[in-house]
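So this block is protein.tsv, TSV, C-alpha atoms:
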```tsv
chain	number	residue	atom	x	y	z
K	1	MET	CA	10.60	-42.77	-143.97
K	2	ARG	CA	7.73	-44.29	-142.08
K	3	LEU	CA	9.98	-47.13	-141.01
K	4	LEU	CA	12.60	-44.72	-139.73
K	5	HIS	CA	9.93	-42.73	-137.89
K	6	ARG	CA	8.57	-45.87	-136.19
K	7	LEU	CA	12.06	-47.04	-135.30
K	8	ASN	CA	12.83	-43.64	-133.83
K	9	SER	CA	9.62	-43.72	-131.81
K	10	LEU	CA	10.41	-47.19	-130.53
K	11	LEU	CA	13.92	-46.19	-129.48
K	12	ASN	CA	12.59	-43.09	-127.74
K	13	HIS	CA	10.04	-45.23	-125.90
K	14	ARG	CA	12.72	-47.67	-124.78
K	15	ILE	CA	14.98	-44.83	-123.69
K	16	ASN	CA	12.15	-43.19	-121.70
K	17	PHE	CA	11.26	-46.52	-120.10
K	18	LYS	CA	14.88	-47.09	-119.10
K	19	ILE	CA	15.16	-43.62	-117.63
K	20	ASN	CA	11.88	-44.00	-115.65
K	21	PHE	CA	12.91	-47.48	-114.54
K	22	ASN	CA	16.24	-46.17	-113.31
K	23	LYS	CA	14.44	-43.37	-111.50
K	24	ARG	CA	12.22	-45.92	-109.75
K	25	ILE	CA	15.27	-47.96	-108.78
K	26	SER	CA	17.02	-44.85	-107.47
K	27	ARG	CA	13.92	-43.84	-105.50
K	28	SER	CA	13.63	-47.33	-104.01
K	29	LYS	CA	17.30	-47.32	-103.07
K	30	ALA	CA	16.85	-43.95	-101.42
K	31	LEU	CA	13.88	-45.20	-99.39
K	32	VAL	CA	15.83	-48.27	-98.29
K	33	LEU	CA	18.78	-46.11	-97.25
K	34	VAL	CA	16.49	-43.80	-95.29
K	35	ALA	CA	14.90	-46.81	-93.53
K	36	ILE	CA	18.35	-48.19	-92.67
K	37	LEU	CA	19.43	-44.81	-91.29
K	38	VAL	CA	16.28	-44.56	-89.17
K	39	VAL	CA	16.88	-48.04	-87.71
K	40	ILE	CA	20.52	-47.16	-86.96
K	41	MET	CA	19.48	-43.92	-85.27
K	42	VAL	CA	16.84	-45.70	-83.16
K	43	LEU	CA	19.30	-48.38	-82.08
K	44	PHE	CA	21.89	-45.74	-81.29
K	45	GLY	CA	19.32	-43.82	-79.27
K	46	PHE	CA	18.47	-46.92	-77.24
K	47	TYR	CA	22.17	-47.54	-76.63
K	48	ILE	CA	22.81	-43.99	-75.46
K	49	GLY	CA	19.69	-43.98	-73.29
K	50	GLU	CA	20.56	-47.30	-71.70
K	51	ARG	CA	24.18	-46.28	-71.21
K	52	TRP	CA	23.67	-42.79	-69.81
K	53	PHE	CA	20.06	-42.06	-68.91
K	54	TRP	CA	18.09	-45.18	-68.04
K	55	VAL	CA	18.69	-47.08	-64.83
K	56	LYS	CA	19.16	-50.82	-65.32
K	57	ASP	CA	17.18	-53.10	-63.03
K	58	GLN	CA	16.34	-50.25	-60.66
K	59	SER	CA	13.14	-48.50	-59.76
K	60	LEU	CA	13.12	-44.72	-59.54
K	61	PHE	CA	13.03	-45.07	-55.76
K	62	GLU	CA	16.07	-47.35	-55.76
K	63	TYR	CA	17.92	-44.88	-57.95
K	64	ARG	CA	16.98	-42.02	-55.61
K	65	ILE	CA	18.09	-44.06	-52.59
K	66	GLU	CA	21.53	-44.58	-54.14
K	67	SER	CA	21.75	-40.89	-54.97
K	68	LEU	CA	20.85	-39.82	-51.41
K	69	LYS	CA	23.25	-42.33	-49.89
K	70	GLY	CA	25.96	-40.90	-52.13
K	71	GLN	CA	25.23	-37.39	-50.87
K	72	LEU	CA	25.35	-38.58	-47.27
K	73	ALA	CA	28.67	-40.35	-47.88
K	74	GLU	CA	30.14	-36.98	-48.83
K	75	ASN	CA	28.40	-35.10	-46.01
K	76	PRO	CA	26.57	-37.15	-43.35
K	77	GLU	CA	25.28	-34.12	-41.45
K	78	PRO	CA	22.15	-32.86	-43.30
K	79	ASN	CA	19.13	-34.33	-41.52
K	80	SER	CA	16.91	-33.12	-44.36
K	81	ILE	CA	18.63	-35.58	-46.68
K	82	ARG	CA	18.39	-38.35	-44.11
K	83	ALA	CA	14.67	-37.70	-43.68
K	84	GLU	CA	14.16	-37.81	-47.45
K	85	LEU	CA	16.13	-41.05	-47.59
K	86	ALA	CA	13.90	-42.53	-44.90
K	87	MET	CA	10.70	-41.63	-46.76
K	88	THR	CA	12.15	-42.96	-50.02
K	89	TYR	CA	12.95	-46.25	-48.27
K	90	TYR	CA	9.32	-46.39	-47.19
K	91	LEU	CA	8.00	-45.65	-50.69
K	92	ASP	CA	10.27	-48.39	-52.03
K	93	GLY	CA	8.67	-50.89	-49.65
K	94	GLN	CA	11.45	-50.78	-47.05
K	95	ALA	CA	9.47	-49.28	-44.18
K	96	ASP	CA	11.69	-50.78	-41.47
K	97	LYS	CA	14.77	-49.07	-42.90
K	98	GLY	CA	12.86	-45.81	-43.16
K	99	GLU	CA	11.75	-46.05	-39.55
K	100	THR	CA	15.31	-46.77	-38.38
K	101	VAL	CA	16.73	-43.75	-40.22
K	102	LEU	CA	14.04	-41.43	-38.83
K	103	ARG	CA	14.62	-42.60	-35.28
K	104	GLN	CA	18.32	-41.87	-35.76
K	105	VAL	CA	17.50	-38.39	-37.02
K	106	LEU	CA	15.29	-37.72	-34.00
K	107	ALA	CA	17.95	-39.04	-31.65
K	108	ASP	CA	20.29	-36.39	-33.07
K	109	GLU	CA	17.64	-33.67	-33.49
K	110	PRO	CA	14.51	-34.33	-31.40
K	111	GLU	CA	12.69	-31.24	-32.70
K	112	ASN	CA	13.06	-32.07	-36.39
K	113	ASP	CA	9.46	-31.56	-37.52
K	114	THR	CA	9.92	-33.31	-40.85
K	115	ALA	CA	11.25	-36.45	-39.18
K	116	VAL	CA	8.43	-36.35	-36.62
K	117	LEU	CA	5.83	-36.14	-39.41
K	118	TYR	CA	7.41	-38.84	-41.58
K	119	LEU	CA	7.80	-41.22	-38.67
K	120	GLY	CA	4.17	-40.67	-37.68
K	121	LEU	CA	3.04	-41.48	-41.23
K	122	ILE	CA	5.19	-44.60	-41.52
K	123	LEU	CA	4.08	-45.92	-38.13
K	124	SER	CA	0.45	-45.47	-39.17
K	125	GLU	CA	1.05	-47.43	-42.37
K	126	GLN	CA	2.69	-50.15	-40.28
K	127	LYS	CA	-0.48	-50.23	-38.14
K	128	ASN	CA	1.37	-48.96	-35.09
K	129	TYR	CA	-1.48	-46.52	-34.57
K	130	ARG	CA	-0.94	-45.46	-30.98
K	131	GLU	CA	2.72	-44.53	-31.42
K	132	SER	CA	1.79	-42.81	-34.68
K	133	ILE	CA	-0.75	-40.73	-32.74
K	134	GLU	CA	2.02	-39.56	-30.40
K	135	PHE	CA	4.26	-38.36	-33.21
K	136	LEU	CA	1.49	-36.76	-35.26
K	137	THR	CA	0.17	-35.01	-32.14
K	138	ARG	CA	3.65	-33.56	-31.59
K	139	TYR	CA	3.72	-32.37	-35.18
K	140	LEU	CA	0.22	-30.85	-35.12
K	141	GLU	CA	0.87	-29.01	-31.86
K	142	LYS	CA	3.68	-27.06	-33.54
K	143	ASN	CA	2.37	-26.65	-37.07
K	144	GLN	CA	-0.69	-25.04	-38.62
K	145	GLY	CA	-2.02	-24.39	-42.08
K	146	LEU	CA	-2.05	-26.37	-45.29
K	147	GLU	CA	1.08	-28.36	-44.47
K	148	THR	CA	-0.87	-30.22	-41.78
K	149	ARG	CA	-3.35	-31.77	-44.28
K	150	ILE	CA	-1.65	-35.15	-44.51
K	151	ALA	CA	-1.01	-35.29	-40.77
K	152	LEU	CA	-4.69	-34.64	-39.99
K	153	LEU	CA	-5.82	-37.30	-42.45
K	154	TYR	CA	-3.53	-39.95	-40.98
K	155	GLN	CA	-4.33	-38.88	-37.44
K	156	GLY	CA	-8.05	-39.21	-38.13
K	157	ARG	CA	-7.51	-42.68	-39.51
K	158	ASN	CA	-5.41	-43.56	-36.46
K	159	TYR	CA	-8.28	-42.58	-34.17
K	160	LEU	CA	-10.67	-44.67	-36.25
K	161	GLU	CA	-8.43	-47.68	-35.88
K	162	THR	CA	-8.03	-47.23	-32.12
K	163	GLY	CA	-11.78	-46.77	-31.59
K	164	ASP	CA	-11.67	-43.05	-30.70
K	165	HIS	CA	-14.51	-42.22	-33.06
K	166	SER	CA	-15.37	-38.76	-31.75
K	167	LEU	CA	-11.73	-37.70	-32.02
K	168	ALA	CA	-11.62	-39.25	-35.48
K	169	ALA	CA	-14.61	-37.21	-36.64
K	170	SER	CA	-13.32	-33.92	-35.23
K	171	THR	CA	-9.84	-34.50	-36.67
K	172	LEU	CA	-11.17	-35.47	-40.09
K	173	ARG	CA	-13.45	-32.41	-40.16
K	174	LYS	CA	-10.28	-30.35	-39.82
K	175	ALA	CA	-8.68	-32.44	-42.56
K	176	VAL	CA	-11.47	-31.66	-45.06
K	177	GLU	CA	-11.39	-28.00	-44.09
K	178	ARG	CA	-7.67	-27.85	-44.88
K	179	ASP	CA	-7.97	-30.05	-47.97
K	180	PRO	CA	-11.53	-29.86	-49.37
K	181	ALA	CA	-10.52	-31.52	-52.66
K	182	ASN	CA	-9.32	-34.73	-51.02
K	183	PRO	CA	-11.90	-37.52	-51.46
K	184	VAL	CA	-10.00	-39.84	-49.09
K	185	ALA	CA	-10.48	-37.43	-46.19
K	186	TYR	CA	-14.25	-37.35	-46.87
K	187	TYR	CA	-14.35	-41.13	-47.08
K	188	TYR	CA	-12.73	-41.55	-43.66
K	189	LEU	CA	-14.97	-38.81	-42.27
K	190	GLY	CA	-17.93	-40.84	-43.50
K	191	GLN	CA	-16.49	-43.88	-41.73
K	192	ALA	CA	-16.21	-41.89	-38.49
K	193	TYR	CA	-19.81	-40.69	-38.75
K	194	GLU	CA	-20.97	-44.26	-39.35
K	195	LYS	CA	-19.23	-45.36	-36.15
K	196	LEU	CA	-21.04	-42.56	-34.36
K	197	ASN	CA	-24.38	-43.71	-35.87
K	198	ASP	CA	-24.69	-40.35	-37.66
K	199	ARG	CA	-26.23	-41.76	-40.82
K	200	GLN	CA	-27.03	-38.52	-42.67
K	201	ASN	CA	-23.59	-36.97	-42.17
K	202	ALA	CA	-22.02	-40.25	-43.26
K	203	ILE	CA	-24.09	-40.13	-46.47
K	204	ASN	CA	-23.10	-36.51	-47.02
K	205	ALA	CA	-19.41	-37.32	-46.59
K	206	TYR	CA	-19.50	-40.26	-49.01
K	207	GLU	CA	-21.44	-38.24	-51.57
K	208	ARG	CA	-18.85	-35.48	-51.29
K	209	ALA	CA	-16.05	-38.00	-51.84
K	210	LEU	CA	-17.80	-39.27	-54.97
K	211	ALA	CA	-18.45	-35.74	-56.22
K	212	ILE	CA	-14.69	-35.22	-56.17
K	213	ASN	CA	-13.86	-38.64	-57.60
K	214	LYS	CA	-16.76	-40.51	-59.19
K	215	ASP	CA	-14.59	-43.63	-59.56
K	216	TYR	CA	-13.85	-43.91	-55.84
K	217	THR	CA	-15.05	-47.49	-55.35
K	218	ASP	CA	-14.67	-47.63	-51.55
K	219	ALA	CA	-16.82	-44.52	-51.12
K	220	GLU	CA	-19.42	-45.84	-53.57
K	221	LEU	CA	-19.73	-49.16	-51.73
K	222	ALA	CA	-19.87	-47.45	-48.34
K	223	LEU	CA	-22.61	-45.11	-49.56
K	224	LYS	CA	-24.72	-47.97	-50.91
K	225	LYS	CA	-24.34	-49.83	-47.64
K	226	VAL	CA	-25.37	-46.95	-45.43
K	227	VAL	CA	-28.31	-45.97	-47.69
K	228	ARG	CA	-29.71	-49.51	-47.50
K	229	ARG	CA	-29.97	-49.36	-43.74
```

I'd like the structure from this file rewritten - as structure tokens, please.
Amino acid sequence: MRLLHRLNSLLNHRINFKINFNKRISRSKALVLVAILVVIMVLFGFYIGERWFWVKDQSLFEYRIESLKGQLAENPEPNSIRAELAMTYYLDGQADKGETVLRQVLADEPENDTAVLYLGLILSEQKNYRESIEFLTRYLEKNQGLETRIALLYQGRNYLETGDHSLAASTLRKAVERDPANPVAYYYLGQAYEKLNDRQNAINAYERALAINKDYTDAELALKKVVRR
């Protein structure tokens, strides 16, 4: 009887071991299958994204340029689209193309304020400061309020570059009034005050720029320089 009992126990142990072993194998197989499915889904997602959503070998600006050109091919009339195309050319590093498009817009519609503004900004970036002044002056004469913030900033910088330091300071004071959270406007205002030998106001402007953006390196260096004098 004892022998039968021991044999029965041994068989039960072997049966339990086999069942547990099979469970482990089944669990492992399930994990492998899940891993394979995840890999397949990821690869499928990349394929779908590349095929339908992601733009191959194109920047976002290049993609937008193609989209705007497509809209103009269907309807070449809207100057708003042409102006956006011009600015997108500029942002994509094709400033000459942007300038050409804007001049065409203004040839068709001389009073297009958006084209006047964009052309003034692009000319300033191309260091054509005096012509930029002309276009931004036209824009500022007709427009008021918050939308003039960028025009005032660029116009102030234009005056700095052309040596009209008093005009630069007065223009940049307007810029910081319209956009008091813009550290760049305060930085250029500080530059204008320096040119006018107004040391304290230059310090104040640089400190204000750094209060808005403590990591503004240009303002930090300018402040250290003027304080050492």

Kindly give the distance, in Å, that separates atom CA of Asn201 of chain K and atom CA of Gln144 of chain K, rounded to a single decimal.
26.1 Å

Would you mind listing what lies within 6 Å of segment 120-125 of chain K as a PDB file with C-alpha atoms, keeping the file's coordinate frame, with only C-alpha atoms counted and same-chain residues fewer than 3 positions away left out?
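Saved as around_26.pdb:
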```
ATOM      1  CA  LEU K 117       5.830 -36.140 -39.410  1.00  0.00           C
ATOM      2  CA  ASN K 128       1.370 -48.960 -35.090  1.00  0.00           C
ATOM      3  CA  TYR K 129      -1.480 -46.520 -34.570  1.00  0.00           C
ATOM      4  CA  SER K 132       1.790 -42.810 -34.680  1.00  0.00           C
ATOM      5  CA  PHE K 135       4.260 -38.360 -33.210  1.00  0.00           C
ATOM      6  CA  LEU K 136       1.490 -36.760 -35.260  1.00  0.00           C
TER       7      LEU K 136
END
```

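Taking all atoms listed in the file into account, Ile203 of chain K lies nearest to K:Leu223 out of the set K:Ala115, K:Leu223, K:Ile133, K:Val101.
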
Between atom CA of Arg130 of chain K and atom CA of Leu85 of chain K - distance in Å to one decimal
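Straight-line distance from atom CA of Leu85 of chain K to atom CA of Arg130 of chain K works out to 24.2 Å.
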
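Here atom CA of Tyr154 of chain K is placed at a distance of 10.4 Å from atom CA of Val184 of chain K.
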
Need the shell around Gly98 of chain K: protein/DNA/RNA residues with any atom at most 6 Å away, counting only C-alpha atoms. Skip same-chain ones fewer than 2 positions apart. Format as a ChimeraX atom specification?
/K:86-87,89-90,95-96,100-101

If you count all atoms listed in the file, which residues fall within 12 Å of Leu210 of chain K, apart from same-chain ones fewer than 3 positions away, as an NGL selection string?
:K and (181-187 or 190 or 203-207 or 213-224)

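Considering all atoms listed in the file, the residue among K:Arg199, K:Arg228, K:Arg82, K:Arg138 positioned nearest to Lys97 of chain K is K:Arg82.
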
Complete segment 167-188 of chain K with N, CA and C atoms (output as a JSON list (two decimals), keeping the file's coordinate frame).
```json
[["chain", "number", "residue", "atom", "x", "y", "z"],
["K", 167, "LEU", "N", -12.97, -38.37, -31.64],
["K", 167, "LEU", "CA", -11.73, -37.70, -32.02],
["K", 167, "LEU", "C", -11.46, -37.86, -33.52],
["K", 168, "ALA", "N", -11.80, -39.02, -34.04],
["K", 168, "ALA", "CA", -11.62, -39.25, -35.48],
["K", 168, "ALA", "C", -12.46, -38.26, -36.28],
["K", 169, "ALA", "N", -13.72, -38.11, -35.90],
["K", 169, "ALA", "CA", -14.61, -37.21, -36.64],
["K", 169, "ALA", "C", -14.14, -35.76, -36.57],
["K", 170, "SER", "N", -13.76, -35.32, -35.37],
["K", 170, "SER", "CA", -13.32, -33.92, -35.23],
["K", 170, "SER", "C", -12.02, -33.67, -35.99],
["K", 171, "THR", "N", -11.12, -34.65, -35.96],
["K", 171, "THR", "CA", -9.84, -34.50, -36.67],
["K", 171, "THR", "C", -10.06, -34.51, -38.18],
["K", 172, "LEU", "N", -10.93, -35.38, -38.65],
["K", 172, "LEU", "CA", -11.17, -35.47, -40.09],
["K", 172, "LEU", "C", -11.98, -34.27, -40.61],
["K", 173, "ARG", "N", -12.79, -33.66, -39.75],
["K", 173, "ARG", "CA", -13.45, -32.41, -40.16],
["K", 173, "ARG", "C", -12.40, -31.33, -40.43],
["K", 174, "LYS", "N", -11.38, -31.30, -39.58],
["K", 174, "LYS", "CA", -10.28, -30.35, -39.82],
["K", 174, "LYS", "C", -9.54, -30.70, -41.11],
["K", 175, "ALA", "N", -9.39, -32.01, -41.35],
["K", 175, "ALA", "CA", -8.68, -32.44, -42.56],
["K", 175, "ALA", "C", -9.40, -31.97, -43.83],
["K", 176, "VAL", "N", -10.74, -32.08, -43.85],
["K", 176, "VAL", "CA", -11.47, -31.66, -45.06],
["K", 176, "VAL", "C", -11.54, -30.14, -45.17],
["K", 177, "GLU", "N", -11.46, -29.46, -44.04],
["K", 177, "GLU", "CA", -11.39, -28.00, -44.09],
["K", 177, "GLU", "C", -10.08, -27.54, -44.72],
["K", 178, "ARG", "N", -9.00, -28.21, -44.35],
["K", 178, "ARG", "CA", -7.67, -27.85, -44.88],
["K", 178, "ARG", "C", -7.49, -28.34, -46.32],
["K", 179, "ASP", "N", -8.17, -29.44, -46.65],
["K", 179, "ASP", "CA", -7.97, -30.05, -47.97],
["K", 179, "ASP", "C", -9.32, -30.48, -48.54],
["K", 180, "PRO", "N", -10.15, -29.53, -48.94],
["K", 180, "PRO", "CA", -11.53, -29.86, -49.37],
["K", 180, "PRO", "C", -11.61, -30.63, -50.69],
["K", 181, "ALA", "N", -10.50, -30.78, -51.39],
["K", 181, "ALA", "CA", -10.52, -31.52, -52.66],
["K", 181, "ALA", "C", -10.01, -32.95, -52.50],
["K", 182, "ASN", "N", -9.86, -33.40, -51.27],
["K", 182, "ASN", "CA", -9.32, -34.73, -51.02],
["K", 182, "ASN", "C", -10.46, -35.71, -50.74],
["K", 183, "PRO", "N", -10.78, -36.60, -51.67],
["K", 183, "PRO", "CA", -11.90, -37.52, -51.46],
["K", 183, "PRO", "C", -11.63, -38.54, -50.35],
["K", 184, "VAL", "N", -10.35, -38.86, -50.13],
["K", 184, "VAL", "CA", -10.00, -39.84, -49.09],
["K", 184, "VAL", "C", -10.36, -39.31, -47.71],
["K", 185, "ALA", "N", -10.13, -38.02, -47.49],
["K", 185, "ALA", "CA", -10.48, -37.43, -46.19],
["K", 185, "ALA", "C", -11.99, -37.50, -45.96],
["K", 186, "TYR", "N", -12.79, -37.24, -47.00],
["K", 186, "TYR", "CA", -14.25, -37.35, -46.87],
["K", 186, "TYR", "C", -14.68, -38.79, -46.64],
["K", 187, "TYR", "N", -14.01, -39.71, -47.27],
["K", 187, "TYR", "CA", -14.35, -41.13, -47.08],
["K", 187, "TYR", "C", -14.14, -41.53, -45.61],
["K", 188, "TYR", "N", -12.98, -41.18, -45.06],
["K", 188, "TYR", "CA", -12.73, -41.55, -43.66],
["K", 188, "TYR", "C", -13.64, -40.77, -42.71]]
```
